[in-house]
$ cat data_3.cif   # mmCIF, C-alpha atoms
data_data
loop_
_atom_site.label_atom_id
_atom_site.label_comp_id
_atom_site.auth_asym_id
_atom_site.auth_seq_id
_atom_site.Cartn_x
_atom_site.Cartn_y
_atom_site.Cartn_z
CA MET A 191 -26.34 103.95 -17.20
CA PRO A 192 -26.40 101.45 -20.08
CA LYS A 193 -29.57 101.42 -22.13
CA LYS A 194 -31.87 98.42 -22.05
CA TYR A 195 -31.93 96.38 -25.21
CA GLN A 196 -33.97 93.64 -26.76
CA ILE A 197 -33.02 91.02 -29.29
CA THR A 198 -35.86 89.93 -31.52
CA ASN A 199 -35.79 87.13 -34.06
CA ASN A 200 -37.48 85.82 -37.19
CA ILE A 201 -36.96 82.15 -36.49
CA ARG A 202 -40.65 81.29 -36.63
CA LYS A 203 -41.02 82.96 -40.02
CA LEU A 204 -37.83 81.37 -41.32
CA ARG A 205 -39.01 77.95 -40.18
CA PHE A 206 -42.28 78.46 -41.99
CA PHE A 207 -40.52 79.32 -45.23
CA ALA A 208 -38.09 76.42 -44.77
CA ASN A 209 -40.77 73.90 -45.67
CA GLU A 210 -42.53 74.37 -42.32
CA MET A 211 -39.58 73.03 -40.36
CA THR A 212 -40.58 72.01 -36.84
CA GLN A 213 -38.85 73.28 -33.69
CA GLN A 214 -37.67 69.73 -33.04
CA GLN A 215 -36.07 69.51 -36.48
CA LEU A 216 -34.31 72.85 -36.03
CA ALA A 217 -33.15 71.79 -32.56
CA GLU A 218 -31.66 68.59 -33.95
CA LYS A 219 -29.92 70.47 -36.77
CA VAL A 220 -28.23 72.95 -34.42
CA GLY A 221 -27.62 70.48 -31.59
CA VAL A 222 -29.76 71.94 -28.82
CA SER A 223 -32.98 70.87 -27.12
CA ARG A 224 -36.42 71.85 -28.42
CA GLN A 225 -36.91 73.73 -25.15
CA THR A 226 -34.00 76.02 -26.07
CA ILE A 227 -35.46 76.75 -29.51
CA VAL A 228 -38.83 77.52 -27.86
CA ALA A 229 -37.09 79.91 -25.42
CA ILE A 230 -35.11 81.63 -28.21
CA GLU A 231 -38.22 82.09 -30.37
CA ALA A 232 -40.10 83.60 -27.42
CA ALA A 233 -37.09 85.89 -26.68
CA LYS A 234 -36.79 84.26 -23.25
CA TYR A 235 -33.20 83.30 -23.95
CA TYR A 236 -30.55 85.05 -26.03
CA PRO A 237 -28.36 82.44 -27.69
CA SER A 238 -24.58 82.53 -27.81
CA LEU A 239 -22.98 83.96 -30.94
CA GLU A 240 -21.98 80.45 -32.01
CA LEU A 241 -25.54 79.12 -31.73
CA ALA A 242 -26.90 82.21 -33.48
CA PHE A 243 -24.53 81.54 -36.40
CA ARG A 244 -25.54 77.87 -36.48
CA ILE A 245 -29.24 78.82 -36.65
CA ALA A 246 -28.57 81.30 -39.46
CA ASP A 247 -26.55 78.65 -41.27
CA VAL A 248 -29.46 76.18 -41.17
CA PHE A 249 -31.66 78.69 -43.01
CA GLY A 250 -28.84 79.81 -45.30
CA VAL A 251 -29.16 83.46 -44.31
CA THR A 252 -26.98 85.97 -42.48
CA ILE A 253 -27.17 86.34 -38.73
CA GLY A 254 -28.70 89.80 -39.18
CA GLU A 255 -31.63 88.28 -41.03
CA VAL A 256 -32.38 86.01 -38.09
CA PHE A 257 -31.73 88.30 -35.15
CA SER A 258 -32.18 92.03 -34.78
CA TYR A 259 -31.12 94.27 -31.98
CA GLU A 260 -33.15 97.19 -30.71
CA VAL A 261 -32.70 99.57 -27.83
CA LYS A 262 -35.79 99.86 -25.65
CA GLY A 263 -37.44 103.27 -25.51
CA ASP A 264 -36.00 104.43 -28.83
CA MET B 253 -42.47 69.96 -19.88
CA SER B 254 -38.87 69.45 -20.96
CA TYR B 255 -36.47 66.72 -19.87
CA GLN B 256 -34.46 69.18 -17.75
CA GLU B 257 -37.57 70.36 -15.89
CA LYS B 258 -38.62 66.77 -15.21
CA ARG B 259 -35.11 65.98 -13.97
CA ALA B 260 -35.16 69.01 -11.66
CA ILE B 261 -38.53 67.92 -10.24
CA VAL B 262 -37.22 64.39 -9.63
CA SER B 263 -34.18 65.86 -7.81
CA ILE B 264 -36.39 68.14 -5.70
CA VAL B 265 -38.72 65.30 -4.72
CA THR B 266 -35.75 63.06 -3.83
CA GLY B 267 -34.21 65.88 -1.77
CA ILE B 268 -37.48 66.54 0.08
CA PHE B 269 -37.88 62.84 0.95
CA ILE B 270 -34.33 62.55 2.26
CA LEU B 271 -34.59 65.79 4.26
CA ALA B 272 -37.95 64.66 5.68
CA ALA B 273 -36.46 61.29 6.66
CA TYR B 274 -33.55 63.08 8.35
CA CYS B 275 -35.91 65.46 10.20
CA ILE B 276 -38.00 62.54 11.50
CA HIS B 277 -34.80 60.84 12.66
CA VAL B 278 -33.54 64.03 14.35
CA TYR B 279 -36.92 64.61 16.01
CA GLY B 280 -36.60 61.17 17.57
CA LYS B 281 -33.18 62.14 18.90
CA TYR B 282 -34.53 65.45 20.15
CA GLN B 283 -37.23 63.62 22.11
CA SER B 284 -34.62 61.42 23.71
CA GLY B 285 -32.63 64.49 24.76
CA VAL B 286 -29.49 63.68 22.77
CA ILE B 287 -29.67 67.05 20.99
CA ALA B 288 -28.35 68.85 24.07
CA SER B 289 -25.19 66.76 23.96
CA ASP B 290 -21.91 68.35 22.87
CA ASP B 291 -20.63 65.07 21.47
CA LEU B 292 -20.68 65.55 17.71
CA LYS B 293 -19.54 62.05 16.79
CA PRO B 294 -23.04 60.45 16.64
CA TRP B 295 -24.32 63.46 14.70
CA ALA B 296 -21.49 63.23 12.19
CA ALA B 297 -22.14 59.49 11.78
CA THR B 298 -25.88 60.09 11.25
CA MET B 299 -25.22 62.82 8.70
CA LEU B 300 -22.70 60.67 6.83
CA VAL B 301 -25.27 57.86 6.67
CA PHE B 302 -27.94 60.24 5.32
CA ILE B 303 -25.50 61.76 2.80
CA GLY B 304 -24.72 58.21 1.63
CA ILE B 305 -28.41 57.35 1.41
CA GLY B 306 -28.99 60.61 -0.48
CA VAL B 307 -26.27 59.93 -3.05
CA ILE B 308 -27.35 56.32 -3.63
CA ALA B 309 -31.07 57.24 -3.76
CA THR B 310 -30.37 60.06 -6.23
CA ILE B 311 -28.36 57.76 -8.52
CA ILE B 312 -31.00 54.99 -8.44
CA ILE B 313 -33.93 57.39 -8.94
CA GLN B 314 -32.17 59.16 -11.83
CA ILE B 315 -31.45 55.81 -13.52
CA VAL B 316 -35.09 54.71 -13.10
CA PHE B 317 -36.26 58.12 -14.33
CA HIS B 318 -34.07 57.86 -17.45
CA ILE B 319 -35.32 54.35 -18.21
CA LEU B 320 -38.99 55.37 -17.78
CA LEU B 321 -38.52 58.52 -19.84
CA SER B 322 -36.82 56.57 -22.64
CA ILE B 323 -39.70 54.08 -22.67
CA ALA B 324 -42.23 56.93 -22.73
CA ILE B 325 -40.43 58.67 -25.64
CA ALA B 326 -40.17 55.39 -27.57
CA ALA B 327 -43.87 54.66 -27.03
CA GLN B 328 -44.81 58.19 -28.10
CA GLN B 329 -42.64 57.89 -31.22
CA LYS B 330 -44.25 54.54 -32.10
CA LEU B 331 -47.71 56.06 -31.69
CA GLN B 332 -46.83 58.95 -34.00
CA ASN B 333 -45.17 56.73 -36.58
CA ALA B 334 -45.69 52.98 -36.31
CA ASN B 335 -42.99 52.28 -38.93
CA CYS B 336 -40.16 54.11 -37.16
CA ASP B 337 -37.05 52.05 -36.45
CA ASP B 338 -34.79 51.84 -33.38
CA LYS B 339 -32.34 54.34 -34.87
CA GLU B 340 -35.03 57.01 -35.17
CA ILE B 341 -36.14 56.33 -31.60
CA GLY B 342 -32.52 56.56 -30.44
CA VAL B 343 -32.06 59.93 -32.17
CA ARG B 344 -35.30 61.21 -30.60
CA ILE B 345 -34.26 60.10 -27.10
CA GLU B 346 -30.83 61.67 -27.58
CA SER B 347 -32.31 64.97 -28.78
CA GLU B 348 -34.74 65.04 -25.83
CA MET B 349 -31.96 64.50 -23.30
CA VAL B 350 -29.37 66.80 -24.85
CA VAL B 351 -27.73 69.28 -22.46
CA ASP B 352 -27.06 72.54 -24.26
CA GLU B 353 -25.77 76.04 -23.50
CA MET B 354 -29.07 77.24 -21.98
CA ASP B 355 -29.13 74.26 -19.61
CA ARG B 356 -25.54 74.95 -18.57
CA LEU B 357 -26.28 78.64 -17.98
CA ILE B 358 -29.37 77.82 -15.90
CA GLU B 359 -27.36 75.26 -13.94
CA LEU B 360 -24.60 77.80 -13.25
CA LYS B 361 -27.02 80.50 -12.13
CA SER B 362 -29.03 78.19 -9.91
CA GLU B 363 -25.84 76.75 -8.40
CA ARG B 364 -24.73 80.28 -7.52
CA ILE B 365 -28.02 80.91 -5.73
CA GLY B 366 -27.72 77.52 -4.00
CA PHE B 367 -24.21 78.41 -2.78
CA GLY B 368 -25.61 81.66 -1.43
CA VAL B 369 -28.21 79.78 0.62
CA ALA B 370 -25.55 77.38 1.94
CA GLY B 371 -23.34 80.36 2.84
CA VAL B 372 -26.14 82.10 4.74
CA GLY B 373 -26.82 78.83 6.58
CA PHE B 374 -23.16 78.57 7.58
CA VAL B 375 -23.20 82.13 8.95
CA ILE B 376 -26.40 81.36 10.92
CA ALA B 377 -24.65 78.25 12.30
CA LEU B 378 -21.71 80.39 13.46
CA VAL B 379 -24.12 82.89 15.04
CA SER B 380 -25.79 80.01 16.91
CA LEU B 381 -22.37 79.13 18.41
CA VAL B 382 -21.78 82.74 19.47
CA LEU B 383 -25.22 82.73 21.12
CA ASN B 384 -24.20 79.63 23.12
CA PHE B 385 -26.53 77.18 21.41
CA PRO B 386 -25.42 73.52 21.65
CA LEU B 387 -22.95 72.21 19.06
CA ALA B 388 -25.61 69.78 17.88
CA ILE B 389 -27.80 72.72 16.82
CA MET B 390 -24.89 74.28 14.94
CA ILE B 391 -24.03 71.13 12.98
CA ASN B 392 -27.71 70.55 12.17
CA ILE B 393 -28.06 74.09 10.85
CA VAL B 394 -25.08 73.45 8.55
CA PHE B 395 -26.62 70.17 7.33
CA ALA B 396 -30.06 71.75 6.87
CA SER B 397 -28.63 74.71 4.98
CA PHE B 398 -26.85 72.44 2.50
CA SER B 399 -30.02 70.39 2.01
CA LEU B 400 -32.05 73.56 1.60
CA ALA B 401 -29.49 74.94 -0.85
CA SER B 402 -29.94 71.85 -2.99
CA LEU B 403 -33.74 72.30 -2.96
CA VAL B 404 -33.45 76.03 -3.74
CA GLU B 405 -31.16 75.14 -6.65
CA GLY B 406 -33.82 72.81 -8.04
CA PHE B 407 -36.62 75.34 -7.65
CA THR B 408 -34.45 78.06 -9.21
CA GLN B 409 -33.84 75.83 -12.21
CA LEU B 410 -37.58 75.32 -12.64
CA TYR B 411 -38.12 79.08 -12.32
CA PHE B 412 -35.55 79.86 -15.02
CA TYR B 413 -36.99 77.23 -17.37
CA LYS B 414 -40.46 78.76 -16.99
CA ARG B 415 -39.50 82.42 -17.02
CA GLY B 416 -36.51 82.21 -19.36
CA ILE B 417 -33.01 83.49 -18.82
CA ARG B 418 -31.84 86.67 -20.50
CA ASN B 419 -29.09 89.27 -20.30
CA ALA B 420 -26.64 86.69 -18.99
#
$ encode --input "data_3.cif" --output "structure tokens"
Amino acid sequence: MPKKYQITNNIRKLRFFANEMTQQQLAEKVGVSRQTIVAIEAAKYYPSLELAFRIADVFGVTIGEVFSYEVKGD
Amino acid sequence: MSYQEKRAIVSIVTGIFILAAYCIHVYGKYQSGVIASDDLKPWAATMLVFIGIGVIATIIIQIVFHILLSIAIAAQQKLQNANCDDKEIGVRIESEMVVDEMDRLIELKSERIGFGVAGVGFVIALVSLVLNFPLAIMINIVFASFSLASLVEGFTQLYFYKRGIRNA
């Protein structure tokens, strides 16, 4: 049986250090709705690889610095 | 509440009104005893009329909803920044109404659930025929199941927007 996993992210922290960028501003930069950014930040939605790369690109960091993957129960 | 949630609510309310109008109409027919008839032609005509009303009402309501929402966003933007120009307002409206990958995924998942409901309704309609119910009952079950499927789709969308959608 495949293990359960969770993808966490540092978007809130990265936004803070990016001159306190708002969710709306980030949404406009990556071409999604603010609702989607809210859902990603709250780990209620896992973005596609393309969107994950676009978010990382906005902050000028690697995708691994934005998202991290952990197996539940480990 | 996001634009997509508001749109789903508008669709649900429209669907409920049209289904209610149809039910009232059918109840009138039931009282007059037409429901026992095996002639499906008047039923088909009634359903076509209500489908037409539904499509036209949905289009009109969605247009009105978009106009009102645009006005509300523009007013909100003006309140936040009195010096903002039309271009800024346009960008804000566009970003509010953008349909992205999460919206498409939610739409796909809720459509799948809606199809399931419609499918179950069709099976129940077939069972009603096997159990010797009138043809009018069968065709009404099919109509009701499609209407219900549309409502379930709307509610499912709201559920996914609230709860989130993971492990797709």
$ resolve_selection --input "data_3.cif" --expression "the PyMOL selection byres ((chain B) within 12 of (chain A))" --output "JSON, numbers by chain"
{"B": [253, 254, 255, 256, 257, 343, 344, 345, 346, 347, 348, 349, 350, 351, 352, 353, 354, 355, 356, 357, 358, 412, 413, 414, 415, 416, 417, 418, 419, 420]}
$ atom_distance --input "data_3.cif" --atom1 "CA of Phe374 (chain B)" --atom2 "CA of Ile391 (chain B)"
9.2 Å
$ atom_distance --input "data_3.cif" --atom1 "CA of Gly371 (chain B)" --atom2 "CA of Val394 (chain B)"
9.1 Å
$ resolve_selection --input "data_3.cif" --expression "the PyMOL selection byres ((chain B and resi 387) around 8)" --output "PDB file with C-alpha atoms, in the frame of the given file"
ATOM      1  CA  SER B 289     -25.190  66.760  23.960  1.00  0.00           C
ATOM      2  CA  ASP B 290     -21.910  68.350  22.870  1.00  0.00           C
ATOM      3  CA  ASP B 291     -20.630  65.070  21.470  1.00  0.00           C
ATOM      4  CA  LEU B 292     -20.680  65.550  17.710  1.00  0.00           C
ATOM      5  CA  LEU B 381     -22.370  79.130  18.410  1.00  0.00           C
ATOM      6  CA  PHE B 385     -26.530  77.180  21.410  1.00  0.00           C
ATOM      7  CA  PRO B 386     -25.420  73.520  21.650  1.00  0.00           C
ATOM      8  CA  ALA B 388     -25.610  69.780  17.880  1.00  0.00           C
ATOM      9  CA  ILE B 389     -27.800  72.720  16.820  1.00  0.00           C
ATOM     10  CA  MET B 390     -24.890  74.280  14.940  1.00  0.00           C
ATOM     11  CA  ILE B 391     -24.030  71.130  12.980  1.00  0.00           C
TER      12      ILE B 391
END
$ resolve_selection --input "data_3.cif" --expression "the PyMOL selection byres ((chain A and resi 243-257) around 7)" --output "ChimeraX atom specification"
/A:197-201,204,220,239-242,258-259
$ atom_distance --input "data_3.cif" --atom1 "CA of His277 (chain B)" --atom2 "CA of Thr298 (chain B)"
9.1 Å
